[in-house]
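File shown here: data-v1.cif, holding mmCIF, C-alpha atoms and all ligand atoms.
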```cif
data_work
loop_
_atom_site.label_atom_id
_atom_site.label_comp_id
_atom_site.auth_asym_id
_atom_site.auth_seq_id
_atom_site.Cartn_x
_atom_site.Cartn_y
_atom_site.Cartn_z
CA MET A 1 190.61 -8.55 -19.07
CA HIS A 2 189.40 -6.75 -22.21
CA ASP A 3 188.62 -10.04 -23.98
CA THR A 4 186.35 -11.25 -21.19
CA ALA A 5 184.61 -7.88 -20.90
CA ARG A 6 184.05 -7.79 -24.66
CA LYS A 7 182.54 -11.29 -24.68
CA GLN A 8 180.18 -10.28 -21.86
CA MET A 9 179.16 -7.12 -23.71
CA VAL A 10 178.37 -9.16 -26.82
CA GLU A 11 176.37 -11.74 -24.81
CA LYS A 12 174.23 -8.93 -23.39
CA LEU A 13 173.64 -7.44 -26.84
CA VAL A 14 172.59 -10.87 -28.10
CA SER A 15 170.19 -11.54 -25.19
CA SER A 16 168.67 -8.05 -25.44
CA GLY A 17 168.05 -8.65 -29.16
CA TYR A 18 170.31 -5.92 -30.58
CA ILE A 19 172.66 -8.47 -32.14
CA LYS A 20 170.66 -10.82 -34.36
CA THR A 21 173.12 -12.36 -36.81
CA ASP A 22 176.31 -14.41 -36.42
CA GLU A 23 178.12 -11.96 -38.67
CA VAL A 24 177.50 -8.93 -36.44
CA ARG A 25 178.22 -11.04 -33.37
CA GLN A 26 181.58 -12.12 -34.77
CA ALA A 27 182.48 -8.57 -35.78
CA MET A 28 181.71 -7.19 -32.30
CA GLU A 29 183.57 -10.07 -30.66
CA THR A 30 186.60 -9.39 -32.82
CA ILE A 31 187.00 -5.59 -33.01
CA PRO A 32 188.51 -4.29 -29.73
CA ARG A 33 186.47 -1.22 -28.68
CA HIS A 34 189.05 -0.29 -26.03
CA ILE A 35 191.58 0.60 -28.75
CA PHE A 36 189.15 3.32 -29.93
CA VAL A 37 188.62 5.17 -26.63
CA PRO A 38 191.09 7.44 -24.82
CA GLY A 39 193.59 5.63 -22.55
CA GLU A 40 191.99 6.66 -19.27
CA MET A 41 188.60 5.34 -20.46
CA GLN A 42 189.81 1.95 -21.65
CA ARG A 43 188.70 0.06 -18.58
CA TYR A 44 185.11 1.20 -19.21
CA ALA A 45 185.22 0.43 -22.95
CA TYR A 46 182.84 -2.54 -22.73
CA ALA A 47 180.07 -0.77 -20.86
CA ASP A 48 177.08 -0.20 -23.15
CA THR A 49 177.31 3.61 -23.16
CA PRO A 50 178.58 6.38 -25.41
CA MET A 51 181.94 7.81 -24.29
CA PRO A 52 183.77 11.08 -24.83
CA ILE A 53 186.48 10.93 -27.51
CA GLY A 54 187.55 14.60 -27.58
CA GLY A 55 187.23 16.77 -30.69
CA GLY A 56 184.97 19.28 -28.89
CA GLY A 57 182.45 17.05 -27.12
CA GLN A 58 182.20 14.22 -29.64
CA THR A 59 181.39 10.68 -28.55
CA ILE A 60 181.83 7.08 -29.62
CA SER A 61 178.29 5.67 -29.97
CA ALA A 62 176.95 3.12 -27.47
CA PRO A 63 177.56 -0.49 -28.56
CA HIS A 64 173.81 -1.30 -28.72
CA MET A 65 173.30 1.57 -31.19
CA VAL A 66 176.23 0.39 -33.30
CA ALA A 67 174.83 -3.18 -33.24
CA MET A 68 171.37 -1.96 -34.24
CA MET A 69 172.77 0.04 -37.17
CA LEU A 70 174.98 -2.83 -38.32
CA GLU A 71 172.01 -5.22 -38.33
CA LEU A 72 169.90 -2.75 -40.35
CA MET A 73 172.71 -2.31 -42.88
CA GLU A 74 172.87 -6.00 -43.93
CA LEU A 75 176.52 -5.67 -44.91
CA GLU A 76 177.94 -8.28 -47.24
CA LYS A 77 181.43 -9.17 -48.34
CA GLY A 78 182.77 -6.95 -51.12
CA MET A 79 180.49 -3.96 -50.45
CA THR A 80 181.58 -0.33 -50.55
CA VAL A 81 180.45 1.72 -47.55
CA LEU A 82 180.43 5.44 -46.80
CA GLU A 83 180.30 6.69 -43.21
CA ILE A 84 179.60 10.29 -42.16
CA GLY A 85 181.06 10.87 -38.70
CA CYS A 86 184.14 8.69 -38.32
CA GLY A 87 184.73 9.77 -34.71
CA SER A 88 186.99 7.16 -33.13
CA GLY A 89 186.82 4.86 -36.17
CA TYR A 90 185.13 2.02 -34.22
CA HIS A 91 181.98 1.75 -36.33
CA ALA A 92 184.04 2.00 -39.53
CA ALA A 93 186.29 -0.84 -38.30
CA LEU A 94 183.26 -3.07 -37.66
CA ALA A 95 181.88 -2.29 -41.12
CA ALA A 96 185.30 -3.03 -42.66
CA TYR A 97 185.39 -6.37 -40.87
CA LEU A 98 181.95 -7.23 -42.27
CA VAL A 99 182.69 -6.26 -45.90
CA GLY A 100 185.93 -8.24 -45.81
CA ALA A 101 189.15 -7.78 -47.75
CA GLN A 102 187.27 -7.29 -51.06
CA GLY A 103 185.14 -4.50 -49.64
CA HIS A 104 186.01 -0.92 -48.74
CA VAL A 105 184.95 1.72 -46.22
CA TYR A 106 185.29 5.49 -46.71
CA THR A 107 184.75 7.36 -43.47
CA ILE A 108 184.66 11.14 -43.09
CA ASP A 109 184.91 13.47 -40.12
CA ILE A 110 184.72 17.24 -39.99
CA VAL A 111 187.11 17.38 -36.99
CA GLU A 112 190.69 16.84 -38.13
CA GLU A 113 192.00 15.75 -34.72
CA LEU A 114 189.49 12.88 -34.72
CA THR A 115 190.51 11.70 -38.19
CA GLU A 116 194.14 11.57 -37.05
CA ASN A 117 193.20 9.52 -33.97
CA ALA A 118 190.93 7.24 -36.00
CA LYS A 119 193.71 6.53 -38.51
CA ARG A 120 195.97 5.49 -35.63
CA HIS A 121 193.32 3.23 -34.07
CA ILE A 122 192.56 1.59 -37.42
CA ALA A 123 196.26 1.01 -38.18
CA GLN A 124 196.69 -0.50 -34.73
CA ILE A 125 194.19 -3.26 -35.53
CA GLY A 126 195.56 -3.71 -39.07
CA LEU A 127 192.48 -2.65 -41.05
CA HIS A 128 194.05 0.39 -42.74
CA ASP A 129 194.03 -1.23 -46.20
CA ARG A 130 190.23 -1.46 -46.13
CA ILE A 131 189.43 1.96 -44.68
CA ASP A 132 190.07 5.47 -45.99
CA VAL A 133 189.68 8.13 -43.30
CA LEU A 134 189.02 11.61 -44.70
CA PHE A 135 188.88 15.07 -43.14
CA ALA A 136 185.99 16.84 -44.91
CA ASP A 137 182.33 17.86 -44.70
CA GLY A 138 180.55 14.53 -45.03
CA SER A 139 177.07 16.07 -45.35
CA LYS A 140 177.95 16.41 -49.05
CA GLY A 141 178.90 12.74 -49.25
CA LEU A 142 181.97 11.75 -51.20
CA PRO A 143 181.14 11.94 -54.92
CA GLU A 144 184.63 10.75 -56.01
CA HIS A 145 183.94 7.17 -54.97
CA ALA A 146 180.15 7.04 -55.38
CA PRO A 147 177.88 5.15 -55.65
CA TYR A 148 177.95 3.26 -52.34
CA ASP A 149 176.19 0.00 -51.45
CA ARG A 150 175.64 1.33 -47.96
CA ILE A 151 175.77 4.77 -46.33
CA MET A 152 175.66 5.33 -42.58
CA ALA A 153 175.84 8.46 -40.48
CA ALA A 154 176.69 8.81 -36.81
CA CYS A 155 175.46 12.40 -36.57
CA SER A 156 171.97 13.76 -36.95
CA ALA A 157 170.85 15.92 -39.90
CA SER A 158 167.62 17.96 -40.07
CA LYS A 159 166.58 15.67 -42.94
CA VAL A 160 168.36 13.01 -44.99
CA PRO A 161 170.90 15.02 -47.04
CA GLN A 162 170.07 14.80 -50.76
CA PRO A 163 173.71 14.18 -51.81
CA LEU A 164 173.67 10.99 -49.73
CA ILE A 165 170.54 9.73 -51.49
CA ASP A 166 172.10 10.59 -54.86
CA GLN A 167 175.30 8.72 -53.98
CA LEU A 168 173.48 5.54 -52.87
CA LYS A 169 173.57 2.56 -55.25
CA ASP A 170 170.39 0.92 -56.50
CA PRO A 171 169.85 -1.38 -54.69
CA GLY A 172 171.32 0.18 -51.57
CA ILE A 173 170.61 1.07 -47.94
CA ALA A 174 171.32 4.28 -46.01
CA ILE A 175 170.92 4.70 -42.24
CA ILE A 176 170.90 8.37 -41.21
CA PRO A 177 169.81 9.90 -37.90
CA VAL A 178 167.43 12.84 -38.43
CA GLY A 179 165.91 15.42 -36.08
CA SER A 180 167.47 17.36 -33.25
CA GLY A 181 168.03 17.22 -29.50
CA TYR A 182 166.02 14.40 -27.93
CA THR A 183 163.54 14.14 -30.79
CA GLN A 184 165.58 12.19 -33.26
CA SER A 185 164.96 9.02 -35.20
CA LEU A 186 167.02 6.73 -37.34
CA ALA A 187 165.95 7.05 -40.97
CA TYR A 188 166.32 3.81 -42.91
CA VAL A 189 166.26 4.48 -46.64
CA LYS A 190 166.29 1.64 -49.14
CA LYS A 191 166.79 2.42 -52.81
CA ILE A 192 165.42 -0.29 -55.06
CA ASP A 193 164.27 -0.26 -58.71
CA GLY A 194 164.58 3.52 -58.74
CA GLU A 195 162.25 3.91 -55.74
CA LEU A 196 162.95 4.92 -52.15
CA ILE A 197 161.42 2.99 -49.27
CA GLU A 198 161.75 4.81 -45.96
CA LYS A 199 161.27 3.61 -42.38
CA ASN A 200 161.89 5.42 -39.12
CA TYR A 201 163.17 4.13 -35.82
CA PRO A 202 162.51 6.74 -33.13
CA GLY A 203 164.23 7.28 -29.79
CA VAL A 204 167.87 7.77 -30.72
CA VAL A 205 170.32 10.52 -29.76
CA PHE A 206 173.28 11.53 -31.91
CA VAL A 207 175.44 14.65 -32.07
CA PRO A 208 174.35 17.15 -34.74
CA MET A 209 175.58 16.78 -38.31
CA ARG A 210 177.39 19.99 -39.22
CA GLY A 211 178.24 21.18 -42.71
CA GLU A 212 176.37 22.28 -45.80
CA PHE A 213 173.57 19.67 -45.81
CA GLY A 214 173.54 18.89 -42.08
CA ARG A 215 171.37 21.49 -40.36
N1 LIG B 301 181.08 6.50 -35.65
C1 LIG B 301 181.79 7.12 -34.54
C2 LIG B 301 180.93 8.01 -33.71
C3 LIG B 301 181.04 9.40 -34.19
S1 LIG B 301 180.19 10.67 -33.33
C4 LIG B 301 182.53 6.12 -33.73
O1 LIG B 301 182.39 4.90 -33.99
O2 LIG B 301 183.31 6.52 -32.86
C5 LIG B 301 179.74 11.69 -34.69
C6 LIG B 301 180.85 12.34 -35.45
O3 LIG B 301 180.25 13.07 -36.52
C7 LIG B 301 181.67 13.36 -34.67
O4 LIG B 301 183.00 12.92 -34.61
C8 LIG B 301 181.55 14.66 -35.48
O5 LIG B 301 182.75 15.38 -35.58
C9 LIG B 301 181.13 14.12 -36.85
N2 LIG B 301 180.47 15.06 -37.75
C10 LIG B 301 179.52 15.99 -37.49
N3 LIG B 301 179.15 16.63 -38.62
C11 LIG B 301 179.90 16.10 -39.63
C12 LIG B 301 179.99 16.34 -41.05
N4 LIG B 301 179.25 17.27 -41.65
N5 LIG B 301 180.85 15.58 -41.75
C13 LIG B 301 181.63 14.65 -41.17
N6 LIG B 301 181.59 14.38 -39.84
C14 LIG B 301 180.73 15.09 -39.08
#
```

Please re-express this file's structure in structure tokens.
Amino acid sequence: MHDTARKQMVEKLVSSGYIKTDEVRQAMETIPRHIFVPGEMQRYAYADTPMPIGGGGQTISAPHMVAMMLELMELEKGMTVLEIGCGSGYHAALAAYLVGAQGHVYTIDIVEELTENAKRHIAQIGLHDRIDVLFADGSKGLPEHAPYDRIMAACSASKVPQPLIDQLKDPGIAIIPVGSGYTQSLAYVKKIDGELIEKNYPGVVFVPMRGEFGR
């Protein structure tokens, strides 16, 4: 039942243009989203909507948003990725699939209960060797393992937190929602030859980024 629903979800994301590459398509066909949502929600796991995951009103992002971010990230095998806002662990699992066994994903959440759940979900699908789940304030990044080839956030800051720019490799790409309420956009920051190139994709909604460099 879940396999068929997942295939249909992916087909829709391909025909609506959110999924563009075979790599992202394969990742979303492979990683079971239903494992990452609470038991009673599993039968709705392949609807293209955000869903509550507990932790005081937090949500797993809608699949089209995850697909859009994954396409913008251009993940390659062997890359090191930092995620701010682990939530259920779904997006981190997709990134881990895309960077392969030689790559690594560090994902942080500021809600401990969510990090515990995410660790369980990730272990359940056998990707625990590639993903470190940490309970901390991710607005400061994670200097211990910097720099990162890619940085992504699933929560919205007032502006791109400076520590995240500092911890981005050159060349590297960061995708960070900025703004508040319903006036948010996805900031795409590319670091290359010591310069920053920034683009903005408006019309997104994420939960607020808390912590020192969030708001
Ligand atoms: N990527 C997630 C979606 C997470 S929703 C998934 O695939 O399920 C955004 C998450 O950001 C929430 O869980 C929230 O607790 C977290 N968050 C908010 N501010 C944070 C901060 N400063 N550091 C780390 N996580 C933060």

Please, which residues in chain A fall within 8 Å of ligand LIG 301 (chain B) when counting only C-alpha atoms and all ligand atoms, and what is the closest atom pair and distance in Å to one decimal for each, ordered by chain then residue number, as JSON lines?
```
{"residue": "A:Phe36", "atom": "CA", "partner": "B:LIG301", "partner_atom": "O2", "distance": 7.3}
{"residue": "A:Ile53", "atom": "CA", "partner": "B:LIG301", "partner_atom": "O2", "distance": 7.6}
{"residue": "A:Gly55", "atom": "CA", "partner": "B:LIG301", "partner_atom": "O5", "distance": 6.8}
{"residue": "A:Gln58", "atom": "CA", "partner": "B:LIG301", "partner_atom": "C7", "distance": 5.1}
{"residue": "A:Thr59", "atom": "CA", "partner": "B:LIG301", "partner_atom": "S1", "distance": 4.9}
{"residue": "A:Ile60", "atom": "CA", "partner": "B:LIG301", "partner_atom": "O2", "distance": 3.6}
{"residue": "A:Ser61", "atom": "CA", "partner": "B:LIG301", "partner_atom": "C2", "distance": 5.1}
{"residue": "A:Val66", "atom": "CA", "partner": "B:LIG301", "partner_atom": "O1", "distance": 7.7}
{"residue": "A:Glu83", "atom": "CA", "partner": "B:LIG301", "partner_atom": "N1", "distance": 7.6}
{"residue": "A:Ile84", "atom": "CA", "partner": "B:LIG301", "partner_atom": "C13", "distance": 4.9}
{"residue": "A:Gly85", "atom": "CA", "partner": "B:LIG301", "partner_atom": "O3", "distance": 3.2}
{"residue": "A:Cys86", "atom": "CA", "partner": "B:LIG301", "partner_atom": "N1", "distance": 4.6}
{"residue": "A:Gly87", "atom": "CA", "partner": "B:LIG301", "partner_atom": "O4", "distance": 3.6}
{"residue": "A:Ser88", "atom": "CA", "partner": "B:LIG301", "partner_atom": "O2", "distance": 3.7}
{"residue": "A:Gly89", "atom": "CA", "partner": "B:LIG301", "partner_atom": "O1", "distance": 4.9}
{"residue": "A:Tyr90", "atom": "CA", "partner": "B:LIG301", "partner_atom": "O1", "distance": 4.0}
{"residue": "A:His91", "atom": "CA", "partner": "B:LIG301", "partner_atom": "O1", "distance": 3.9}
{"residue": "A:Ala92", "atom": "CA", "partner": "B:LIG301", "partner_atom": "O1", "distance": 6.5}
{"residue": "A:Ile108", "atom": "CA", "partner": "B:LIG301", "partner_atom": "C13", "distance": 5.0}
{"residue": "A:Asp109", "atom": "CA", "partner": "B:LIG301", "partner_atom": "N6", "distance": 3.5}
{"residue": "A:Ile110", "atom": "CA", "partner": "B:LIG301", "partner_atom": "C13", "distance": 4.2}
{"residue": "A:Val111", "atom": "CA", "partner": "B:LIG301", "partner_atom": "O5", "distance": 5.0}
{"residue": "A:Leu114", "atom": "CA", "partner": "B:LIG301", "partner_atom": "O4", "distance": 6.5}
{"residue": "A:Phe135", "atom": "CA", "partner": "B:LIG301", "partner_atom": "C13", "distance": 7.5}
{"residue": "A:Ala136", "atom": "CA", "partner": "B:LIG301", "partner_atom": "C13", "distance": 6.1}
{"residue": "A:Asp137", "atom": "CA", "partner": "B:LIG301", "partner_atom": "N5", "distance": 4.0}
{"residue": "A:Gly138", "atom": "CA", "partner": "B:LIG301", "partner_atom": "N5", "distance": 3.5}
{"residue": "A:Ser139", "atom": "CA", "partner": "B:LIG301", "partner_atom": "N4", "distance": 4.5}
{"residue": "A:Lys140", "atom": "CA", "partner": "B:LIG301", "partner_atom": "N4", "distance": 7.6}
{"residue": "A:Ala153", "atom": "CA", "partner": "B:LIG301", "partner_atom": "N1", "distance": 7.4}
{"residue": "A:Ala154", "atom": "CA", "partner": "B:LIG301", "partner_atom": "C5", "distance": 4.7}
{"residue": "A:Cys155", "atom": "CA", "partner": "B:LIG301", "partner_atom": "C5", "distance": 4.7}
{"residue": "A:Ser156", "atom": "CA", "partner": "B:LIG301", "partner_atom": "C10", "distance": 7.9}
{"residue": "A:Phe206", "atom": "CA", "partner": "B:LIG301", "partner_atom": "C5", "distance": 7.0}
{"residue": "A:Val207", "atom": "CA", "partner": "B:LIG301", "partner_atom": "C5", "distance": 5.8}
{"residue": "A:Pro208", "atom": "CA", "partner": "B:LIG301", "partner_atom": "C10", "distance": 6.0}
{"residue": "A:Met209", "atom": "CA", "partner": "B:LIG301", "partner_atom": "N3", "distance": 3.6}
{"residue": "A:Arg210", "atom": "CA", "partner": "B:LIG301", "partner_atom": "N3", "distance": 3.8}
{"residue": "A:Gly211", "atom": "CA", "partner": "B:LIG301", "partner_atom": "N4", "distance": 4.2}
{"residue": "A:Glu212", "atom": "CA", "partner": "B:LIG301", "partner_atom": "N4", "distance": 7.1}
{"residue": "A:Phe213", "atom": "CA", "partner": "B:LIG301", "partner_atom": "N4", "distance": 7.4}
{"residue": "A:Gly214", "atom": "CA", "partner": "B:LIG301", "partner_atom": "N4", "distance": 6.0}
```

task = Record the distance separating atom CA of A:Ser180 and atom CA of A:Pro163, expressed in Å with one decimal.
result =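 Distance reported for this atom pair: 19.8 Å.
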
inquiry  = For a test of reading the model, state the distance in Å between atom CA of A:Pro202 and atom CA of A:Tyr182, rounded to one decimal.
reply    =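 Calculated distance between atom CA of A:Pro202 and atom CA of A:Tyr182 is 9.9 Å.
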
For A:Gly172, please output as a PDB file with C-alpha atoms, in the frame of the given file all residues within 6 Å (counting only C-alpha atoms; exclusion window: fewer than 2 positions along the same chain).
```pdb
ATOM      1  CA  ASP A 149     176.190   0.000 -51.450  1.00  0.00           C
ATOM      2  CA  ARG A 150     175.640   1.330 -47.960  1.00  0.00           C
ATOM      3  CA  LEU A 168     173.480   5.540 -52.870  1.00  0.00           C
ATOM      4  CA  LYS A 169     173.570   2.560 -55.250  1.00  0.00           C
ATOM      5  CA  ASP A 170     170.390   0.920 -56.500  1.00  0.00           C
ATOM      6  CA  LYS A 190     166.290   1.640 -49.140  1.00  0.00           C
ATOM      7  CA  LYS A 191     166.790   2.420 -52.810  1.00  0.00           C
TER       8      LYS A 191
END
```

request  = Extract, using only C-alpha atoms, all DNA, RNA and protein residues at most 7 Å from stretch 102-106 of chain A, discarding same-chain residues fewer than 5 positions from it, and format them as a list in words.
outcome  =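 Surrounding residues, per the criterion: Lys77, Gly78, Met79, Thr80, Val81, Leu82, Glu83, Ala92, Ala96, Arg130, Ile131, Asp132 and Val133 of chain A.
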
task = Point out the residue among A:Ala118, A:Leu196, A:Val10, A:Val205 with the least atom-to-atom distance to A:Ala157, counting all atoms listed in the file.
result =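 Comparing A:Ala118, A:Leu196, A:Val10, A:Val205 against A:Ala157, the winner is A:Val205.
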
task = Tell me which of A:Val24, A:Gln167, A:Met69, A:His128 sits closest to A:Leu186, counting all atoms listed in the file.
result = A:Met69

A:Gly17, A:Pro143, A:Pro50, A:Gly100 ranked by distance to A:Ile165, top pick (using all atoms listed in the file) =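 Once distances to A:Ile165 are computed over all atoms listed in the file, the minimum belongs to A:Pro143.
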
message = Nearest residue to A:Asp129 out of A:Ser185, A:Met152, A:Glu195, A:Ala101, using all atoms listed in the file?
response = A:Ala101

For A:Glu198, the nearest of the candidates A:Asp166, A:Arg215, A:Ile173, A:Ile151, counting all atoms listed in the file =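 The answer is A:Ile173, which sits nearest to A:Glu198.
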
task = Using only C-alpha atoms, pick whichever of A:Val37, A:Tyr201, A:Ala95, A:Val178 has the shortest atom-to-atom distance to A:Arg120.
result =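 So, comparing all the options, the nearest one is A:Val37.
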
request  = Work out how far atom CA of A:His34 is from atom CA of A:Pro52, in Å to one decimal.
outcome  =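 Atom CA of A:His34 lies 12.6 Å from atom CA of A:Pro52.
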
message = From (187.6, -3.3, -17.6), in the file's coordinates, out to 8 Å: which residues are reached, counting all atoms listed in the file? Answer as an MDAnalysis selection string.
response = chainID A and resid 1:2 5 42:46

query = Quick one: residues within 8 Å of A:Leu72, all atoms listed in the file counted, chain neighbours fewer than 3 positions away excluded, as a PyMOL selection string?
reply = chain A and resi 68-69+175+188
